[in-house]
Amino acid sequence: MANPIPVLFYAPYSQNFTGGPREFLKLIEHLDKNKFDPICIIHKSCPLSEALSKQNLKTIIVPFPQILDVYNERIFSYSPIEKLRSGKALLDYNKRIKEIGRQYQVQAIWGRNVKSILLTGIAAHQLGVPLIWDIGMEKESRGLVRFFHWLGLIGSTVVVTQASSQPRSIFDPVAARLFKTKFITIPPGTSAEKVISSSSSEIQSKRSSDRLIILTVGSINPRKNQLMLLRAIYSLIQTYPQLQVKIVGPVTDEAYFATCQKFVDTKGLKAHVTFLGWCDQVAQLMSESDLFVLCSNNEGVPGVIREAMYASLPIIATAVGGVPDTIKHGKTGFLIEKEDVDSLQKLIEYCLIHPHIRESVGKQAFEAAEQNFSVTEWSFKYNNLLSQLCHV
């Protein structure tokens, strides 16, 4: 049997072990190791690098220069000298990636989000290997981000989207049309065995009959927009005092977290809202909850949405990113517009007073998840893509 083909995977994660890092780890775990030998590049020692090392996967730490943080708004006001410094740092970083690529004789480079593509694209070109841009979640193309997106689209061999709507929702119309042959959609998979998904009836029996528990999961920051949920339930508490909200996720924006806490305190919601921080018992919490809500302002295809579907939970989510490709409104969940607190409030009330709707939507969500979001199908498509690019 031929030796596995080395492929470099660039992981732009260095903090909490949340959705993106967990999805990256799952992708590496499910590569066909008889065909591919993954070499993972990480910015610094972190929970993800520790998880990779525990599985004896090649993990190399290449420190990330802060001046290259393209999502740091400071770059929009860089002086000409700072722009020159960032350009040099970009070239130096690519040079280091190229050295690693040569050392391991990599036959392809994979990167998540445009920052990774900028940091590895020149190296891939100089090495003469395919460059795979896995979109994950991206900001909309505007201003300097649009320029970076064009560079990424020009330099990439293949652009993997998690939902078919992403090329249109992320990139400007000209770019989406011009590079349409580079796009391929591979919906990420979810490990059903990690989610309590025994059967709809068994899950329903675990859920409370005397109160409605709403669960939301995600890092606490403005993008995840937990404040929208708090504003919606504030108007419902007096009529429905049985409402309980559990907010799971690490705090990544202290000022925003303080704003959320102040809202809870001043509006008298302390008896109804619990901040749980990050925990590893999300599956258990889903089995005990009645409704899952995600109010994000921007998303790819959130892993927690897929997990909630496997847990037979009815879902209310903002129609951003790949969420509309995942949830079919009125069938496997409900979609609302960003910041539409009124619609969110009405749907929560609708689900509260119609338990049979919750059960029916949850059952359909589970069935859709089994059909569309299996890890087996996801890994098959990804392994097939790599086989084509590396001519296996």
# chains A, B, ... in the order shown; residues from 1 in each chain; ligands from 1

$ residues_around --residues "Arg142 in chain A" --least-positions-apart "6" --cutoff "12 Å" --atoms "only C-alpha atoms" --output "ChimeraX atom specification"
/A:76,148-150,169-173

$ write_last_selection --atoms "C-alpha atoms" --output "compact mmCIF listing (two decimals), in the first residue's frame"
# COMPACT_ATOMS: atom_id res chain seq x y z
CA PHE A 76 -8.87 49.79 8.64
CA PHE A 148 -9.26 40.02 0.72
CA HIS A 149 -12.10 37.84 -0.57
CA TRP A 150 -11.10 38.52 -4.16
CA SER A 169 -24.75 35.76 0.79
CA ILE A 170 -21.02 36.32 1.41
CA PHE A 171 -19.43 37.48 -1.83
CA ASP A 172 -20.40 40.32 -4.14
CA PRO A 173 -22.48 39.23 -7.16

$ residues_around --residues "Ile327 in chain A" --least-positions-apart "4" --cutoff "10 Å" --atoms "only C-alpha atoms" --output "count of residues only"
17

$ closest_residue --among "A:Leu269, A:Thr161, A:Ser360, A:Ile154" --to "Leu178 in chain A" --atoms "only C-alpha atoms"
A:Ile154

$ atom_distance --atom1 "CA of Ile42 in chain A" --atom2 "CA of Ser14 in chain A"
7.1 Å

$ closest_residue --among "A:Glu29, A:Asp37, A:Glu99, A:Glu359" --to "Leu386 in chain A" --atoms "only C-alpha atoms"
A:Asp37

$ closest_residue --among "A:Val158, A:Ala258, A:Leu144, A:Ile41" --to "Thr59 in chain A" --atoms "only C-alpha atoms"
A:Ile41

$ closest_residue --among "A:Lys262, A:Arg102, A:Lys182, A:Lys88" --to "Leu131 in chain A" --atoms "only C-alpha atoms"
A:Lys182

$ closest_residue --among "A:Thr181, A:Thr252, A:Thr120, A:Thr157" --to "Gly218 in chain A" --atoms "only C-alpha atoms"
A:Thr252

$ atom_distance --atom1 "CA of Ser49 in chain A" --atom2 "CA of Ile5 in chain A"
21.4 Å

$ closest_residue --among "A:Tyr382, A:Leu352, A:Glu140, A:Ser296" --to "Thr239 in chain A" --atoms "only C-alpha atoms"
A:Leu352

$ decode --residues "range 271-286 of chain A" --atoms "all heavy atoms" --output "PDB file, in the first residue's frame"
ATOM      1  N   ALA A 271     -34.432  35.387  38.151  1.00  0.00           N
ATOM      2  CA  ALA A 271     -35.039  34.093  38.492  1.00  0.00           C
ATOM      3  C   ALA A 271     -35.344  33.259  37.248  1.00  0.00           C
ATOM      4  O   ALA A 271     -35.685  32.074  37.360  1.00  0.00           O
ATOM      5  CB  ALA A 271     -36.323  34.311  39.290  1.00  0.00           C
ATOM      6  N   HIS A 272     -35.175  33.874  36.064  1.00  0.00           N
ATOM      7  CA  HIS A 272     -35.556  33.189  34.829  1.00  0.00           C
ATOM      8  C   HIS A 272     -34.385  32.938  33.880  1.00  0.00           C
ATOM      9  O   HIS A 272     -34.533  32.186  32.914  1.00  0.00           O
ATOM     10  CB  HIS A 272     -36.616  34.014  34.089  1.00  0.00           C
ATOM     11  CG  HIS A 272     -37.849  34.278  34.886  1.00  0.00           C
ATOM     12  ND1 HIS A 272     -38.906  33.386  34.941  1.00  0.00           N
ATOM     13  CD2 HIS A 272     -38.187  35.319  35.692  1.00  0.00           C
ATOM     14  CE1 HIS A 272     -39.842  33.875  35.737  1.00  0.00           C
ATOM     15  NE2 HIS A 272     -39.442  35.043  36.205  1.00  0.00           N
ATOM     16  N   VAL A 273     -33.244  33.547  34.144  1.00  0.00           N
ATOM     17  CA  VAL A 273     -32.098  33.455  33.225  1.00  0.00           C
ATOM     18  C   VAL A 273     -30.880  32.932  33.967  1.00  0.00           C
ATOM     19  O   VAL A 273     -30.523  33.446  35.041  1.00  0.00           O
ATOM     20  CB  VAL A 273     -31.776  34.818  32.588  1.00  0.00           C
ATOM     21  CG1 VAL A 273     -30.531  34.714  31.693  1.00  0.00           C
ATOM     22  CG2 VAL A 273     -32.962  35.333  31.785  1.00  0.00           C
ATOM     23  N   THR A 274     -30.212  31.935  33.390  1.00  0.00           N
ATOM     24  CA  THR A 274     -29.011  31.367  33.981  1.00  0.00           C
ATOM     25  C   THR A 274     -27.884  31.374  32.957  1.00  0.00           C
ATOM     26  O   THR A 274     -28.043  30.832  31.857  1.00  0.00           O
ATOM     27  CB  THR A 274     -29.234  29.919  34.456  1.00  0.00           C
ATOM     28  OG1 THR A 274     -30.372  29.875  35.315  1.00  0.00           O
ATOM     29  CG2 THR A 274     -28.004  29.402  35.200  1.00  0.00           C
ATOM     30  N   PHE A 275     -26.756  32.007  33.304  1.00  0.00           N
ATOM     31  CA  PHE A 275     -25.557  31.951  32.476  1.00  0.00           C
ATOM     32  C   PHE A 275     -24.712  30.778  32.976  1.00  0.00           C
ATOM     33  O   PHE A 275     -24.219  30.789  34.105  1.00  0.00           O
ATOM     34  CB  PHE A 275     -24.756  33.251  32.585  1.00  0.00           C
ATOM     35  CG  PHE A 275     -25.444  34.444  31.970  1.00  0.00           C
ATOM     36  CD1 PHE A 275     -26.199  35.307  32.757  1.00  0.00           C
ATOM     37  CD2 PHE A 275     -25.335  34.702  30.611  1.00  0.00           C
ATOM     38  CE1 PHE A 275     -26.834  36.413  32.203  1.00  0.00           C
ATOM     39  CE2 PHE A 275     -25.968  35.795  30.035  1.00  0.00           C
ATOM     40  CZ  PHE A 275     -26.721  36.656  30.831  1.00  0.00           C
ATOM     41  N   LEU A 276     -24.544  29.766  32.151  1.00  0.00           N
ATOM     42  CA  LEU A 276     -23.856  28.547  32.573  1.00  0.00           C
ATOM     43  C   LEU A 276     -22.386  28.505  32.170  1.00  0.00           C
ATOM     44  O   LEU A 276     -21.667  27.576  32.559  1.00  0.00           O
ATOM     45  CB  LEU A 276     -24.573  27.324  31.980  1.00  0.00           C
ATOM     46  CG  LEU A 276     -26.009  27.098  32.479  1.00  0.00           C
ATOM     47  CD1 LEU A 276     -26.675  25.977  31.706  1.00  0.00           C
ATOM     48  CD2 LEU A 276     -26.011  26.788  33.968  1.00  0.00           C
ATOM     49  N   GLY A 277     -21.921  29.501  31.383  1.00  0.00           N
ATOM     50  CA  GLY A 277     -20.554  29.429  30.886  1.00  0.00           C
ATOM     51  C   GLY A 277     -20.418  28.278  29.906  1.00  0.00           C
ATOM     52  O   GLY A 277     -21.409  27.735  29.418  1.00  0.00           O
ATOM     53  N   TRP A 278     -19.157  27.910  29.612  1.00  0.00           N
ATOM     54  CA  TRP A 278     -18.988  26.756  28.722  1.00  0.00           C
ATOM     55  C   TRP A 278     -19.070  25.472  29.530  1.00  0.00           C
ATOM     56  O   TRP A 278     -18.552  25.392  30.650  1.00  0.00           O
ATOM     57  CB  TRP A 278     -17.661  26.802  27.978  1.00  0.00           C
ATOM     58  CG  TRP A 278     -17.573  25.626  27.037  1.00  0.00           C
ATOM     59  CD1 TRP A 278     -16.813  24.519  27.149  1.00  0.00           C
ATOM     60  CD2 TRP A 278     -18.368  25.441  25.859  1.00  0.00           C
ATOM     61  NE1 TRP A 278     -17.072  23.637  26.116  1.00  0.00           N
ATOM     62  CE2 TRP A 278     -18.031  24.185  25.311  1.00  0.00           C
ATOM     63  CE3 TRP A 278     -19.342  26.211  25.221  1.00  0.00           C
ATOM     64  CZ2 TRP A 278     -18.605  23.682  24.141  1.00  0.00           C
ATOM     65  CZ3 TRP A 278     -19.920  25.715  24.061  1.00  0.00           C
ATOM     66  CH2 TRP A 278     -19.536  24.459  23.540  1.00  0.00           C
ATOM     67  N   CYS A 279     -19.731  24.461  28.977  1.00  0.00           N
ATOM     68  CA  CYS A 279     -19.799  23.166  29.654  1.00  0.00           C
ATOM     69  C   CYS A 279     -19.825  22.061  28.611  1.00  0.00           C
ATOM     70  O   CYS A 279     -20.147  22.286  27.445  1.00  0.00           O
ATOM     71  CB  CYS A 279     -21.014  23.088  30.570  1.00  0.00           C
ATOM     72  SG  CYS A 279     -22.590  23.057  29.704  1.00  0.00           S
ATOM     73  N   ASP A 280     -19.476  20.871  29.043  1.00  0.00           N
ATOM     74  CA  ASP A 280     -19.433  19.722  28.147  1.00  0.00           C
ATOM     75  C   ASP A 280     -20.720  18.911  28.195  1.00  0.00           C
ATOM     76  O   ASP A 280     -20.772  17.808  27.649  1.00  0.00           O
ATOM     77  CB  ASP A 280     -18.246  18.821  28.505  1.00  0.00           C
ATOM     78  CG  ASP A 280     -16.914  19.486  28.190  1.00  0.00           C
ATOM     79  OD1 ASP A 280     -16.840  20.156  27.142  1.00  0.00           O
ATOM     80  OD2 ASP A 280     -15.971  19.332  28.990  1.00  0.00           O
ATOM     81  N   GLN A 281     -21.735  19.444  28.859  1.00  0.00           N
ATOM     82  CA  GLN A 281     -22.997  18.709  29.008  1.00  0.00           C
ATOM     83  C   GLN A 281     -24.093  19.285  28.118  1.00  0.00           C
ATOM     84  O   GLN A 281     -25.271  19.250  28.478  1.00  0.00           O
ATOM     85  CB  GLN A 281     -23.435  18.752  30.480  1.00  0.00           C
ATOM     86  CG  GLN A 281     -22.409  18.259  31.468  1.00  0.00           C
ATOM     87  CD  GLN A 281     -21.979  16.831  31.184  1.00  0.00           C
ATOM     88  OE1 GLN A 281     -22.806  15.979  30.860  1.00  0.00           O
ATOM     89  NE2 GLN A 281     -20.687  16.564  31.285  1.00  0.00           N
ATOM     90  N   VAL A 282     -23.717  19.800  26.947  1.00  0.00           N
ATOM     91  CA  VAL A 282     -24.697  20.425  26.066  1.00  0.00           C
ATOM     92  C   VAL A 282     -25.754  19.417  25.621  1.00  0.00           C
ATOM     93  O   VAL A 282     -26.950  19.729  25.560  1.00  0.00           O
ATOM     94  CB  VAL A 282     -24.003  21.065  24.843  1.00  0.00           C
ATOM     95  CG1 VAL A 282     -25.030  21.560  23.839  1.00  0.00           C
ATOM     96  CG2 VAL A 282     -23.113  22.222  25.294  1.00  0.00           C
ATOM     97  N   ALA A 283     -25.335  18.195  25.307  1.00  0.00           N
ATOM     98  CA  ALA A 283     -26.297  17.176  24.876  1.00  0.00           C
ATOM     99  C   ALA A 283     -27.340  16.922  25.959  1.00  0.00           C
ATOM    100  O   ALA A 283     -28.542  16.805  25.682  1.00  0.00           O
ATOM    101  CB  ALA A 283     -25.563  15.886  24.525  1.00  0.00           C
ATOM    102  N   GLN A 284     -26.892  16.834  27.215  1.00  0.00           N
ATOM    103  CA  GLN A 284     -27.814  16.617  28.318  1.00  0.00           C
ATOM    104  C   GLN A 284     -28.776  17.795  28.462  1.00  0.00           C
ATOM    105  O   GLN A 284     -29.978  17.619  28.668  1.00  0.00           O
ATOM    106  CB  GLN A 284     -27.033  16.410  29.619  1.00  0.00           C
ATOM    107  CG  GLN A 284     -27.884  16.157  30.847  1.00  0.00           C
ATOM    108  CD  GLN A 284     -28.641  14.842  30.768  1.00  0.00           C
ATOM    109  OE1 GLN A 284     -28.129  13.871  30.232  1.00  0.00           O
ATOM    110  NE2 GLN A 284     -29.858  14.818  31.296  1.00  0.00           N
ATOM    111  N   LEU A 285     -28.229  19.008  28.340  1.00  0.00           N
ATOM    112  CA  LEU A 285     -29.068  20.203  28.437  1.00  0.00           C
ATOM    113  C   LEU A 285     -30.105  20.231  27.316  1.00  0.00           C
ATOM    114  O   LEU A 285     -31.250  20.639  27.525  1.00  0.00           O
ATOM    115  CB  LEU A 285     -28.205  21.461  28.381  1.00  0.00           C
ATOM    116  CG  LEU A 285     -27.337  21.737  29.607  1.00  0.00           C
ATOM    117  CD1 LEU A 285     -26.330  22.841  29.321  1.00  0.00           C
ATOM    118  CD2 LEU A 285     -28.214  22.124  30.799  1.00  0.00           C
ATOM    119  N   MET A 286     -29.712  19.790  26.120  1.00  0.00           N
ATOM    120  CA  MET A 286     -30.661  19.754  25.006  1.00  0.00           C
ATOM    121  C   MET A 286     -31.795  18.778  25.284  1.00  0.00           C
ATOM    122  O   MET A 286     -32.954  19.047  24.959  1.00  0.00           O
ATOM    123  CB  MET A 286     -29.934  19.380  23.707  1.00  0.00           C
ATOM    124  CG  MET A 286     -29.111  20.503  23.124  1.00  0.00           C
ATOM    125  SD  MET A 286     -28.364  20.060  21.533  1.00  0.00           S
ATOM    126  CE  MET A 286     -27.664  21.651  21.050  1.00  0.00           C
TER     127      MET A 286
END
